[in-house]
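S.K.: File start.cif below, mmCIF, C-alpha atoms:
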data_my_file
loop_
_atom_site.group_PDB
_atom_site.id
_atom_site.type_symbol
_atom_site.label_atom_id
_atom_site.label_comp_id
_atom_site.auth_asym_id
_atom_site.auth_seq_id
_atom_site.Cartn_x
_atom_site.Cartn_y
_atom_site.Cartn_z
ATOM 1 C CA MET A 1485 -6.671 31.001 8.877
ATOM 2 C CA LYS A 1486 -3.716 28.881 9.932
ATOM 3 C CA LYS A 1487 -3.991 26.376 12.774
ATOM 4 C CA HIS A 1488 -1.805 23.475 13.873
ATOM 5 C CA ARG A 1489 -2.776 20.413 15.897
ATOM 6 C CA LYS A 1490 -1.837 16.740 16.208
ATOM 7 C CA SER A 1491 -3.901 14.043 14.493
ATOM 8 C CA PRO A 1492 -4.762 10.738 16.195
ATOM 9 C CA ALA A 1493 -1.845 9.265 14.191
ATOM 10 C CA LYS A 1494 0.411 11.873 15.854
ATOM 11 C CA LEU A 1495 0.933 13.739 12.598
ATOM 12 C CA THR A 1496 0.856 17.514 12.503
ATOM 13 C CA VAL A 1497 -2.345 18.838 10.967
ATOM 14 C CA GLN A 1498 -2.185 22.298 9.434
ATOM 15 C CA THR A 1499 -5.463 24.014 8.555
ATOM 16 C CA LEU A 1500 -5.616 26.587 5.777
ATOM 17 C CA GLY A 1501 -8.390 28.200 3.791
ATOM 18 C CA LYS A 1502 -8.695 27.183 0.158
ATOM 19 C CA THR A 1503 -7.781 30.690 -1.046
ATOM 20 C CA MET A 1504 -4.493 30.530 0.886
ATOM 21 C CA VAL A 1505 -3.814 27.030 -0.448
ATOM 22 C CA ARG A 1506 -4.544 28.146 -4.019
ATOM 23 C CA GLN A 1507 -2.165 31.114 -3.675
ATOM 24 C CA ASN A 1508 0.620 28.930 -2.222
ATOM 25 C CA PHE A 1509 -0.170 25.594 -3.860
ATOM 26 C CA LEU A 1510 3.334 24.572 -4.976
ATOM 27 C CA SER A 1511 4.944 25.437 -1.653
ATOM 28 C CA MET A 1512 2.119 23.622 0.191
ATOM 29 C CA VAL A 1513 2.704 20.464 -1.885
ATOM 30 C CA ASP A 1514 6.415 20.633 -1.059
ATOM 31 C CA LYS A 1515 5.720 21.209 2.631
ATOM 32 C CA VAL A 1516 3.271 18.295 2.855
ATOM 33 C CA ALA A 1517 5.739 15.996 1.069
ATOM 34 C CA GLU A 1518 8.829 17.036 3.020
ATOM 35 C CA GLU A 1519 7.397 17.513 6.508
ATOM 36 C CA HIS A 1520 4.785 14.722 6.346
ATOM 37 C CA ILE A 1521 2.015 16.968 7.610
ATOM 38 C CA LEU A 1522 -1.686 16.680 6.884
ATOM 39 C CA LEU A 1523 -3.085 19.826 5.298
ATOM 40 C CA GLU A 1524 -6.744 20.368 6.104
ATOM 41 C CA ILE A 1525 -8.307 22.724 3.548
ATOM 42 C CA THR A 1526 -11.343 24.720 4.611
ATOM 43 C CA ASP A 1527 -14.009 26.784 2.877
ATOM 44 C CA ARG A 1528 -15.324 29.428 5.254
ATOM 45 C CA ASN A 1529 -13.887 27.481 8.213
ATOM 46 C CA VAL A 1530 -15.603 24.225 7.156
ATOM 47 C CA PRO A 1531 -13.217 21.360 6.281
ATOM 48 C CA VAL A 1532 -13.675 20.371 2.614
ATOM 49 C CA ALA A 1533 -10.486 18.485 1.683
ATOM 50 C CA VAL A 1534 -7.214 17.095 2.978
ATOM 51 C CA MET A 1535 -3.799 17.012 1.318
ATOM 52 C CA VAL A 1536 -1.409 14.228 2.374
ATOM 53 C CA SER A 1537 2.003 13.105 1.178
ATOM 54 C CA TYR A 1538 2.227 10.172 -1.213
ATOM 55 C CA GLN A 1539 3.793 7.995 1.512
ATOM 56 C CA GLN A 1540 0.908 8.776 3.854
ATOM 57 C CA TRP A 1541 -1.592 8.005 1.089
ATOM 58 C CA ILE A 1542 -0.008 4.592 0.423
ATOM 59 C CA ALA A 1543 0.016 3.859 4.173
ATOM 60 C CA LEU A 1544 -3.680 4.754 4.426
ATOM 61 C CA LEU A 1545 -4.560 2.555 1.440
ATOM 62 C CA SER A 1546 -2.533 -0.342 2.839
ATOM 63 C CA LYS A 1547 -4.173 -0.028 6.241
ATOM 64 C CA GLU A 1548 -7.648 0.118 4.701
ATOM 65 C CA GLN A 1549 -6.965 -2.904 2.528
ATOM 66 C CA ALA A 1550 -5.586 -4.898 5.465
ATOM 67 C CA GLU A 1551 -8.587 -4.021 7.633
ATOM 68 C CA SER A 1552 -11.071 -4.886 4.891
ATOM 69 C CA LYS A 1553 -9.756 -8.428 4.420
ATOM 70 C CA SER A 1554 -12.049 -10.980 5.973
ATOM 71 C CA PRO A 1555 -10.918 -14.577 6.570
ATOM 72 C CA GLU A 1556 -12.893 -15.556 3.455
ATOM 73 C CA ASP A 1557 -10.901 -13.050 1.376
ATOM 74 C CA LEU A 1558 -7.664 -14.601 2.588
ATOM 75 C CA ARG A 1559 -8.688 -18.140 1.666
ATOM 76 C CA GLY A 1560 -6.211 -19.542 -0.834
ATOM 77 C CA SER A 1561 -3.709 -16.701 -0.404
ATOM 78 C CA ILE A 1562 -1.176 -18.925 1.389
ATOM 79 C CA LYS A 1563 0.475 -21.921 -0.212
ATOM 80 C CA ILE A 1564 2.084 -24.606 1.905
ATOM 81 C CA GLN A 1565 5.326 -25.545 0.193
ATOM 82 C CA GLY A 1566 6.148 -28.518 2.376
ATOM 83 C CA ASP A 1567 6.033 -29.961 5.810
ATOM 84 C CA LEU A 1568 8.189 -28.264 8.443
ATOM 85 C CA ALA A 1569 9.328 -31.593 9.895
ATOM 86 C CA ASP A 1570 10.412 -32.812 6.435
ATOM 87 C CA SER A 1571 12.306 -29.562 5.878
ATOM 88 C CA ASN A 1572 14.070 -29.899 9.232
ATOM 89 C CA VAL A 1573 15.199 -33.432 8.344
ATOM 90 C CA ALA A 1574 16.496 -32.276 4.952
ATOM 91 C CA ILE A 1575 18.365 -29.310 6.447
ATOM 92 C CA SER A 1576 19.830 -31.489 9.207
ATOM 93 C CA LYS A 1577 21.048 -33.990 6.605
ATOM 94 C CA LEU A 1578 22.676 -31.208 4.568
ATOM 95 C CA PHE A 1579 24.368 -29.835 7.690
ATOM 96 C CA ILE A 1580 25.680 -33.265 8.775
ATOM 97 C CA ASP A 1581 26.944 -34.038 5.264
ATOM 98 C CA SER A 1582 28.660 -30.647 5.094
ATOM 99 C CA ALA A 1583 30.257 -31.129 8.512
ATOM 100 C CA LYS A 1584 31.514 -34.607 7.510
ATOM 101 C CA LYS A 1585 32.916 -33.223 4.253
ATOM 102 C CA SER A 1586 34.696 -30.406 6.123
ATOM 103 C CA ALA A 1587 36.107 -32.826 8.699
ATOM 104 C CA HIS A 1588 37.303 -35.155 5.925
ATOM 105 C CA GLU A 1589 39.016 -32.263 4.100
ATOM 106 C CA LEU A 1590 40.714 -31.120 7.324
ATOM 107 C CA THR A 1591 42.171 -34.555 7.992
ATOM 108 C CA LYS A 1592 43.795 -34.810 4.534
#
Would you put the structure from the file into structure tokens?
M.R.:
Amino acid sequence: MKKHRKSPAKLTVQTLGKTMVRQNFLSMVDKVAEEHILLEITDRNVPVAVMVSYQQWIALLSKEQAESKSPEDLRGSIKIQGDLADSNVAISKLFIDSAKKSAHELTK
């Protein structure tokens, strides 16, 4: 059985029986990787597994990890390197000094 439909993530889902997948395994792996489809594998028309590309797998893991982070999990994950106002003053000073140096060199 071979069916195509769109997943909620707007990816093409192809459904094949496990016998068909077993007979064409290498070409199915290539197709999933190249065309970024989801391959739903069935056993007697009952979904039993899904094959996804490595990129899709990483995206799913990243999304799950991001969604599972609670504010408590994020505590301590950000370090403040300095005050923004102090940084602005330092950058402004560097810019003014550079502009003065350039103006001095142009008037030589």
S.K.: What is the distance between atom CA of A:Glu1524 and atom CA of A:Thr1499, in Å to one decimal?
M.R.: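 Answer for the atom CA of A:Glu1524 to atom CA of A:Thr1499 separation: 4.6 Å.
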S.K.: Tell me which protein, DNA and RNA residues are within 12 Å of A:Val1513, counting all atoms listed in the file, leaving out same-chain ones fewer than 6 positions away, and put them as number ranges by chain.
M.R.: A: 1505-1507, 1519-1523, 1534-1538
S.K.: When you look at A:Val1530 with a cut-off of 12 Å (counting all atoms listed in the file), what residues show up, excluding the ones that are within fewer than 3 positions of it in the same chain? I need them as a ChimeraX atom specification.
M.R.: /A:1485,1499-1502,1524-1527,1533-1534
S.K.: Quick one: axis-aligned box around all listed atoms of stretch 1509-1526 of chain A, 6 Å on every side, centre and edge lengths in Å to one decimal, written as AutoDock Vina command-line options.
M.R.:
--center_x -1.3 --center_y 20.2 --center_z 1.3 --size_x 32.2 --size_y 22.9 --size_z 24.6
S.K.: Would you work out the distance separating atom CA of A:Leu1568 from atom CA of A:Lys1584, expressed in Å to one decimal?
M.R.: 24.2 Å
S.K.: Between atom CA of A:Arg1528 and atom CA of A:Leu1544, what is the distance in Å, rounded to a tenth?
M.R.: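 About the pair atom CA of A:Arg1528 and atom CA of A:Leu1544: they are 27.3 Å apart.
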